[in-house]
Structure formats: C-alpha cells, structure tokens
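Quick look at coords_2.csv (CSV, C-alpha atoms and all ligand atoms):
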chain,number,residue,atom,x,y,z
K,1,MET,CA,0.0,0.0,0.0
K,2,ALA,CA,1.4,3.4,-1.0
K,3,ILE,CA,1.8,6.2,1.4
K,4,GLU,CA,-0.1,9.2,0.0
K,5,ARG,CA,-1.0,12.7,0.9
K,6,THR,CA,-4.4,14.3,0.4
K,7,PHE,CA,-5.9,17.7,0.9
K,8,SER,CA,-8.9,18.3,3.1
K,9,MET,CA,-10.8,21.4,4.2
K,10,LEU,CA,-13.3,21.7,7.0
K,11,LYS,CA,-15.9,24.1,5.5
K,12,PRO,CA,-17.2,27.2,7.3
K,13,GLY,CA,-20.1,25.4,9.0
K,14,VAL,CA,-17.6,23.4,11.0
K,15,LEU,CA,-16.2,26.3,13.0
K,16,SER,CA,-19.6,28.0,13.3
K,17,ARG,CA,-21.1,24.8,14.7
K,18,ARG,CA,-18.0,24.3,17.0
K,19,ILE,CA,-17.4,20.7,15.7
K,20,ALA,CA,-13.9,21.2,14.5
K,21,GLY,CA,-12.4,19.1,17.3
K,22,GLU,CA,-14.9,16.3,16.8
K,23,LEU,CA,-14.1,16.1,13.1
K,24,VAL,CA,-10.3,16.3,13.5
K,25,ALA,CA,-10.6,13.6,16.2
K,26,ARG,CA,-12.4,11.3,13.7
K,27,ILE,CA,-9.7,11.9,11.1
K,28,GLU,CA,-6.9,11.2,13.6
K,29,ARG,CA,-8.8,8.2,15.0
K,30,LYS,CA,-9.0,6.7,11.6
K,31,GLY,CA,-5.2,6.8,11.4
K,32,PHE,CA,-4.3,9.8,9.2
K,33,ASP,CA,-1.2,11.9,10.1
K,34,ILE,CA,-1.9,15.6,10.0
K,35,VAL,CA,1.2,17.0,8.2
K,36,GLY,CA,-0.2,20.5,7.5
K,37,MET,CA,-3.0,22.5,9.1
K,38,LYS,CA,-4.1,26.1,9.0
K,39,LEU,CA,-7.1,28.2,9.8
K,40,MET,CA,-7.8,30.6,6.9
K,41,ARG,CA,-10.5,32.7,5.2
K,42,LEU,CA,-10.7,32.0,1.4
K,43,SER,CA,-10.8,34.9,-1.0
K,44,PRO,CA,-13.3,34.5,-3.9
K,45,ALA,CA,-10.3,34.2,-6.3
K,46,LEU,CA,-8.8,31.2,-4.3
K,47,ALA,CA,-12.3,29.6,-4.0
K,48,GLU,CA,-12.9,29.9,-7.7
K,49,GLU,CA,-9.5,28.4,-8.5
K,50,HIS,CA,-10.0,25.5,-6.1
K,51,TYR,CA,-13.4,24.7,-7.5
K,52,ALA,CA,-12.5,25.6,-11.1
K,53,GLU,CA,-13.9,22.3,-12.5
K,54,HIS,CA,-17.4,23.3,-11.3
K,55,ARG,CA,-17.3,26.8,-12.9
K,56,ALA,CA,-20.2,26.0,-15.3
K,57,LYS,CA,-22.4,24.3,-12.8
K,58,PRO,CA,-25.6,26.0,-11.6
K,59,PHE,CA,-24.5,25.8,-8.0
K,60,PHE,CA,-21.1,27.4,-8.5
K,61,GLY,CA,-22.0,30.9,-7.2
K,62,GLU,CA,-23.5,29.4,-4.0
K,63,LEU,CA,-20.5,27.1,-3.6
K,64,VAL,CA,-18.0,29.9,-3.8
K,65,GLY,CA,-20.2,32.1,-1.6
K,66,TYR,CA,-20.5,29.5,1.1
K,67,ILE,CA,-16.8,28.5,1.2
K,68,CYS,CA,-15.9,32.2,1.6
K,69,SER,CA,-18.5,32.9,4.2
K,70,GLY,CA,-16.3,32.2,7.2
K,71,PRO,CA,-13.0,30.6,8.3
K,72,VAL,CA,-12.1,27.1,7.2
K,73,ILE,CA,-9.4,24.6,8.3
K,74,ALA,CA,-7.2,23.5,5.5
K,75,MET,CA,-5.2,20.3,6.1
K,76,VAL,CA,-2.7,18.0,4.4
K,77,LEU,CA,-3.3,14.4,5.6
K,78,GLU,CA,-1.0,11.5,5.1
K,79,GLY,CA,-1.5,7.8,5.2
K,80,ASP,CA,-1.8,4.5,3.2
K,81,ASN,CA,-4.0,5.2,0.2
K,82,ALA,CA,-5.0,8.5,1.8
K,83,VAL,CA,-7.0,9.9,-1.1
K,84,ARG,CA,-9.5,7.0,-1.3
K,85,MET,CA,-9.5,6.4,2.5
K,86,LEU,CA,-10.4,10.0,3.2
K,87,ARG,CA,-13.2,10.0,0.6
K,88,ALA,CA,-14.6,6.9,2.2
K,89,LEU,CA,-14.5,8.5,5.7
K,90,CYS,CA,-16.3,11.6,4.4
K,91,GLY,CA,-19.1,9.8,2.6
K,92,SER,CA,-21.0,10.6,-0.6
K,93,THR,CA,-21.3,14.1,-2.0
K,94,LYS,CA,-25.1,14.1,-2.0
K,95,ALA,CA,-26.4,14.6,1.5
K,96,GLU,CA,-29.2,12.0,1.0
K,97,GLU,CA,-26.7,9.4,-0.1
K,98,ALA,CA,-24.0,9.9,2.6
K,99,ALA,CA,-24.2,6.9,4.8
K,100,PRO,CA,-24.6,7.2,8.6
K,101,GLY,CA,-21.2,6.7,10.2
K,102,THR,CA,-19.4,8.8,7.6
K,103,ILE,CA,-18.6,12.5,8.4
K,104,ARG,CA,-21.1,13.8,5.9
K,105,GLY,CA,-23.6,11.2,6.8
K,106,ASP,CA,-23.5,12.2,10.4
K,107,PHE,CA,-23.1,16.0,10.2
K,108,ALA,CA,-24.8,17.2,7.0
K,109,MET,CA,-28.4,17.6,5.8
K,110,HIS,CA,-27.7,19.6,2.7
K,111,THR,CA,-25.4,18.8,-0.3
K,112,GLY,CA,-24.3,22.4,-0.5
K,113,LEU,CA,-23.4,22.4,3.2
K,114,ASN,CA,-21.7,19.0,3.3
K,115,ILE,CA,-19.1,20.1,5.9
K,116,ILE,CA,-15.8,18.7,4.5
K,117,HIS,CA,-13.8,18.7,1.3
K,118,ALA,CA,-11.5,15.8,0.3
K,119,SER,CA,-9.4,15.6,-2.9
K,120,ASP,CA,-10.9,13.1,-5.4
K,121,SER,CA,-7.6,11.9,-6.9
K,122,PRO,CA,-3.8,12.0,-6.3
K,123,GLU,CA,-3.5,14.6,-9.1
K,124,ALA,CA,-6.2,16.8,-7.5
K,125,ALA,CA,-4.5,16.3,-4.1
K,126,ALA,CA,-1.1,17.6,-5.5
K,127,ARG,CA,-2.8,20.6,-7.2
K,128,GLU,CA,-4.9,21.5,-4.1
K,129,ILE,CA,-1.9,21.1,-1.6
K,130,ALA,CA,0.2,23.4,-3.8
K,131,LEU,CA,-2.7,25.9,-4.1
K,132,PHE,CA,-3.3,26.1,-0.3
K,133,PHE,CA,0.1,25.6,1.1
K,134,LYS,CA,2.3,27.4,-1.5
K,135,LEU,CA,4.0,29.9,0.8
K,136,GLU,CA,7.7,29.2,1.1
K,137,GLY,CA,7.5,28.3,4.8
K,138,TRP,CA,4.8,25.8,4.2
K,139,LYS,CA,6.5,24.3,1.3
K,140,GLN,CA,9.7,23.7,3.3
K,141,TRP,CA,7.7,22.3,6.2
K,142,LEU,CA,5.8,19.8,3.9
K,143,ASP,CA,9.1,18.9,2.2
K,144,LEU,CA,10.5,17.7,5.5
K,145,LYS,CA,8.5,14.6,5.0
K,146,ASP,CA,9.8,12.3,2.3
K,147,CYS,CA,6.5,11.6,0.6
K,148,PRO,CA,5.7,13.6,-2.5
K,149,ALA,CA,2.3,15.3,-2.6
K,150,GLY,CA,-0.4,13.1,-4.0
K,151,THR,CA,1.7,10.1,-4.7
S,201,LIG,P1,-17.0,16.5,-3.6
S,201,LIG,O1,-16.9,17.6,-2.6
S,201,LIG,O2,-17.6,15.2,-3.0
S,201,LIG,O3,-15.7,16.2,-4.3
S,201,LIG,P2,-18.0,17.7,-6.0
S,201,LIG,O4,-18.9,17.1,-7.0
S,201,LIG,O5,-16.6,18.0,-6.3
S,201,LIG,O6,-18.1,16.9,-4.7
S,201,LIG,O7,-18.7,19.1,-5.6
S,201,LIG,C1,-18.0,20.1,-4.9
S,201,LIG,C2,-18.9,20.6,-3.8
S,201,LIG,O8,-20.0,21.3,-4.5
S,201,LIG,C3,-19.6,19.6,-3.0
S,201,LIG,O9,-18.9,19.2,-1.9
S,201,LIG,C4,-20.9,20.3,-2.6
S,201,LIG,O10,-20.7,21.1,-1.5
S,201,LIG,C5,-21.2,21.2,-3.8
S,201,LIG,N1,-22.2,20.5,-4.6
S,201,LIG,C6,-22.0,19.4,-5.4
S,201,LIG,N2,-23.1,19.1,-6.1
S,201,LIG,C7,-24.0,20.0,-5.7
S,201,LIG,C8,-25.4,20.2,-6.0
S,201,LIG,O11,-26.0,19.4,-6.8
S,201,LIG,N3,-26.1,21.2,-5.4
S,201,LIG,C9,-25.4,22.1,-4.5
S,201,LIG,N4,-24.2,21.9,-4.2
S,201,LIG,C10,-23.5,20.9,-4.8
S,202,MG,MG,-14.7,17.3,-5.7
For the structure just supplied, provide its representation as structure tokens.
Amino acid sequence: MAIERTFSMLKPGVLSRRIAGELVARIERKGFDIVGMKLMRLSPALAEEHYAEHRAKPFFGELVGYICSGPVIAMVLEGDNAVRMLRALCGSTKAEEAAPGTIRGDFAMHTGLNIIHASDSPEAAAREIALFFKLEGWKQWLDLKDCPAGT
C-alpha cells in the first residue's frame, strides 16, 4: 500500500457549529497523520480556482459564496491510500446518499453544506496542496516529510 497525501478542508459550518475538534478527532482516530493544518479565510479568487472544475455548474455561485462565508481549516493528511481512505471517511457528496457513520452522513443535511472537502484523486491532491500551502515556509515544512504530494 502506497503512502499518499491528500488535501482536506473543513468548511465554514464546522467552526460556526463548533465541531472542528470532533471532526479532527475522527480523522486522527482513523489513522491519518496531519502534516499541514491552517485556519484561513478563502478569497473568492482562491475559492474559484480551487473549484474551477465546477465553474459552469448552476451551484457554482452558491458554492463559492458558502466557502468564503467564514473561516475554514485546510489540512494535508498522510497515510496509506490517503485519497481514497479520506473520501470513504467523508461519505458521498449528496447529503441524502451519505451513509450514517461517515462524516457527511453524520453531520450534513444539505449537499451544498456538506461540511468537508476531500481531494478526489492523487492529481487533485497535488494541485490542491500546492494551491493552499504554497507559501515558502509551508513548502519547506511539507518537504520535511519524504512523501511527494499526492503520490
Ligand atoms: P465532492 O466535494 O464530494 O468532491 P464535488 O462534485 O466535487 O463533490 O462538488 C464540490 C462541492 O460542491 C460539494 O462538496 C458540494 O458542497 C457542492 N455541490 C456538489 N453538487 C451539488 C449540487 O447538486 N447542489 C449544490 N451543491 C453541490
Ligand atoms: Mg470534488
């Protein structure tokens, strides 16, 4: 099993509902190593770049508006098969399809407010980690570990 990195973001509803600790605890309990973590507020430009693949979708405006509406917690998580493992822990995108026991299944009633982002492929993970942790200090910190992003 290959050690990978993935990118995750706890969306604004997490801090406003004061469930950040609970979600981080689930991620740690599963076995991920947190190798990068920061509290930040997304600019519309960063949100649009992060969600660029959805630019033509009818919900794009709401998506960007929501993700910029309050602080988020951006994380780089590491572990065996991290991309697929985190997607499984988060559950399905659609609120009504997210199984109980998953993060979305347990904490979200609405697809647009589905509480957590997780990269959907190693390529997306590498792109998103670079986008959110591109400042020199962060790059050096992440380089201290010997696993390349998203691989
Ligand atoms: P993902 O977050 O599971 O990767 P994507 O299809 O990449 O799902 O969509 C990105 C985000 O856009 C979702 O997490 C969700 O918040 C929002 N979204 C996706 N589909 C819909 C929809 O049909 N209505 C409203 N929001 C949506
Ligand atoms: Mg996605």
- Task: Tell me, in Å to one decimal, how far CA of Ile34 in chain K is from CA of Val76 in chain K.
- Result: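 The value is 6.1 Å.
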- Contact residues around Leu89 in chain K with only C-alpha atoms at 10 Å, ignoring same-chain residues under 5 positions, as an MDAnalysis selection string: chainID K and resid 26:27 30 84 99 101:105 118
- Find the spatial neighbours of Phe60 in chain K, counting only C-alpha atoms, within a cut-off of 12 Å - ignore same-chain residues fewer than 2 positions away - and output them as a list in words.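 Non-adjacent residues within range: Pro44, Ala47, Glu48, Glu49, His50, Tyr51, Ala52, Glu53, His54, Arg55, Ala56, Lys57, Pro58, Glu62, Leu63, Val64, Gly65, Tyr66, Ile67 and Gly112 of chain K.
Taking all atoms listed in the file into account, Ser92 in chain K lies nearest to K:Thr111 out of the set K:Thr111, K:Thr6, K:Ser16, K:Ser119.
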- Item | Ref. answer, residues at most 9 Å from (-21.9, 20.5, 11.5) with only C-alpha atoms, as a ChimeraX atom specification | /K:13-20,104,106-108,113-115
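The smallest atom-to-atom distance between Arg41 in chain K and any of K:Glu28, K:Leu142, K:Phe132, K:Met1, using only C-alpha atoms, is found for K:Phe132.
You can rank K:Met75, K:Ile3, K:Leu23, K:Met9 by their closest distance to ligand MG 202 (chain S) using only C-alpha atoms and all ligand atoms, and at the top of that list sits K:Met9.
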- Item | Between CA of Gly36 in chain K and CA of Asp143 in chain K - distance in Å to one decimal | 10.8 Å
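You can rank K:Leu10, K:Cys68, K:Met109, K:Ala98 by their closest distance to Ala45 in chain K using all atoms listed in the file, and at the top of that list sits K:Cys68.
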Is it possible to dump range 126-137 of chain K as a compact mmCIF listing (two decimals), in the first residue's frame, including just all heavy atoms?
# COMPACT_ATOMS: atom_id res chain seq x y z
N ALA K 126 -2.39 16.82 -5.27
CA ALA K 126 -1.14 17.57 -5.51
C ALA K 126 -1.45 19.02 -5.88
O ALA K 126 -0.82 19.96 -5.39
CB ALA K 126 -0.34 16.89 -6.61
N ARG K 127 -2.45 19.19 -6.73
CA ARG K 127 -2.82 20.56 -7.16
C ARG K 127 -3.35 21.38 -5.98
O ARG K 127 -2.98 22.53 -5.78
CB ARG K 127 -3.91 20.46 -8.25
CG ARG K 127 -4.32 21.80 -8.83
CD ARG K 127 -5.44 21.64 -9.85
NE ARG K 127 -6.76 21.48 -9.27
CZ ARG K 127 -7.53 22.47 -8.81
NH1 ARG K 127 -7.11 23.71 -8.85
NH2 ARG K 127 -8.72 22.21 -8.29
N GLU K 128 -4.22 20.77 -5.18
CA GLU K 128 -4.85 21.50 -4.07
C GLU K 128 -3.86 21.78 -2.95
O GLU K 128 -3.88 22.86 -2.35
CB GLU K 128 -6.06 20.69 -3.58
CG GLU K 128 -7.17 20.65 -4.63
CD GLU K 128 -8.26 19.62 -4.38
OE1 GLU K 128 -8.20 18.90 -3.34
OE2 GLU K 128 -9.17 19.51 -5.21
N ILE K 129 -2.96 20.85 -2.67
CA ILE K 129 -1.94 21.09 -1.64
C ILE K 129 -1.06 22.27 -2.08
O ILE K 129 -0.77 23.18 -1.29
CB ILE K 129 -1.09 19.83 -1.39
CG1 ILE K 129 -1.94 18.77 -0.67
CG2 ILE K 129 0.15 20.16 -0.55
CD1 ILE K 129 -1.31 17.37 -0.62
N ALA K 130 -0.67 22.28 -3.34
CA ALA K 130 0.17 23.37 -3.84
C ALA K 130 -0.58 24.70 -3.77
O ALA K 130 0.00 25.74 -3.44
CB ALA K 130 0.60 23.08 -5.27
N LEU K 131 -1.88 24.66 -4.07
CA LEU K 131 -2.68 25.89 -4.07
C LEU K 131 -2.84 26.48 -2.66
O LEU K 131 -2.75 27.69 -2.47
CB LEU K 131 -4.06 25.56 -4.66
CG LEU K 131 -5.05 26.69 -4.90
CD1 LEU K 131 -4.48 27.71 -5.88
CD2 LEU K 131 -6.37 26.12 -5.43
N PHE K 132 -3.04 25.63 -1.69
CA PHE K 132 -3.33 26.11 -0.34
C PHE K 132 -2.10 26.26 0.54
O PHE K 132 -2.12 26.98 1.52
CB PHE K 132 -4.34 25.18 0.35
CG PHE K 132 -5.75 25.43 -0.08
CD1 PHE K 132 -6.24 24.88 -1.26
CD2 PHE K 132 -6.59 26.23 0.67
CE1 PHE K 132 -7.54 25.12 -1.67
CE2 PHE K 132 -7.89 26.48 0.27
CZ PHE K 132 -8.37 25.92 -0.91
N PHE K 133 -1.04 25.54 0.23
CA PHE K 133 0.15 25.57 1.08
C PHE K 133 1.36 25.99 0.26
O PHE K 133 2.41 25.38 0.34
CB PHE K 133 0.37 24.20 1.73
CG PHE K 133 -0.65 23.86 2.78
CD1 PHE K 133 -1.85 23.24 2.43
CD2 PHE K 133 -0.45 24.16 4.13
CE1 PHE K 133 -2.82 22.93 3.39
CE2 PHE K 133 -1.40 23.86 5.09
CZ PHE K 133 -2.58 23.24 4.73
N LYS K 134 1.18 27.05 -0.55
CA LYS K 134 2.25 27.39 -1.47
C LYS K 134 3.27 28.37 -0.90
O LYS K 134 4.30 28.60 -1.51
CB LYS K 134 1.67 27.94 -2.77
CG LYS K 134 0.89 29.23 -2.63
CD LYS K 134 0.23 29.57 -3.96
CE LYS K 134 -0.84 30.63 -3.77
NZ LYS K 134 -1.73 30.74 -4.92
N LEU K 135 2.98 28.97 0.24
CA LEU K 135 3.97 29.90 0.79
C LEU K 135 5.25 29.16 1.13
O LEU K 135 5.21 27.98 1.51
CB LEU K 135 3.42 30.59 2.05
CG LEU K 135 2.19 31.47 1.79
CD1 LEU K 135 1.68 32.06 3.10
CD2 LEU K 135 2.52 32.59 0.81
N GLU K 136 6.36 29.83 1.01
CA GLU K 136 7.66 29.17 1.12
C GLU K 136 7.83 28.39 2.43
O GLU K 136 8.31 27.27 2.45
CB GLU K 136 8.78 30.20 0.97
CG GLU K 136 10.15 29.59 0.73
CD GLU K 136 10.17 28.59 -0.43
OE1 GLU K 136 9.46 28.78 -1.44
OE2 GLU K 136 10.90 27.59 -0.30
N GLY K 137 7.39 29.00 3.53
CA GLY K 137 7.54 28.32 4.82
C GLY K 137 6.79 27.01 4.86
O GLY K 137 7.26 26.00 5.38
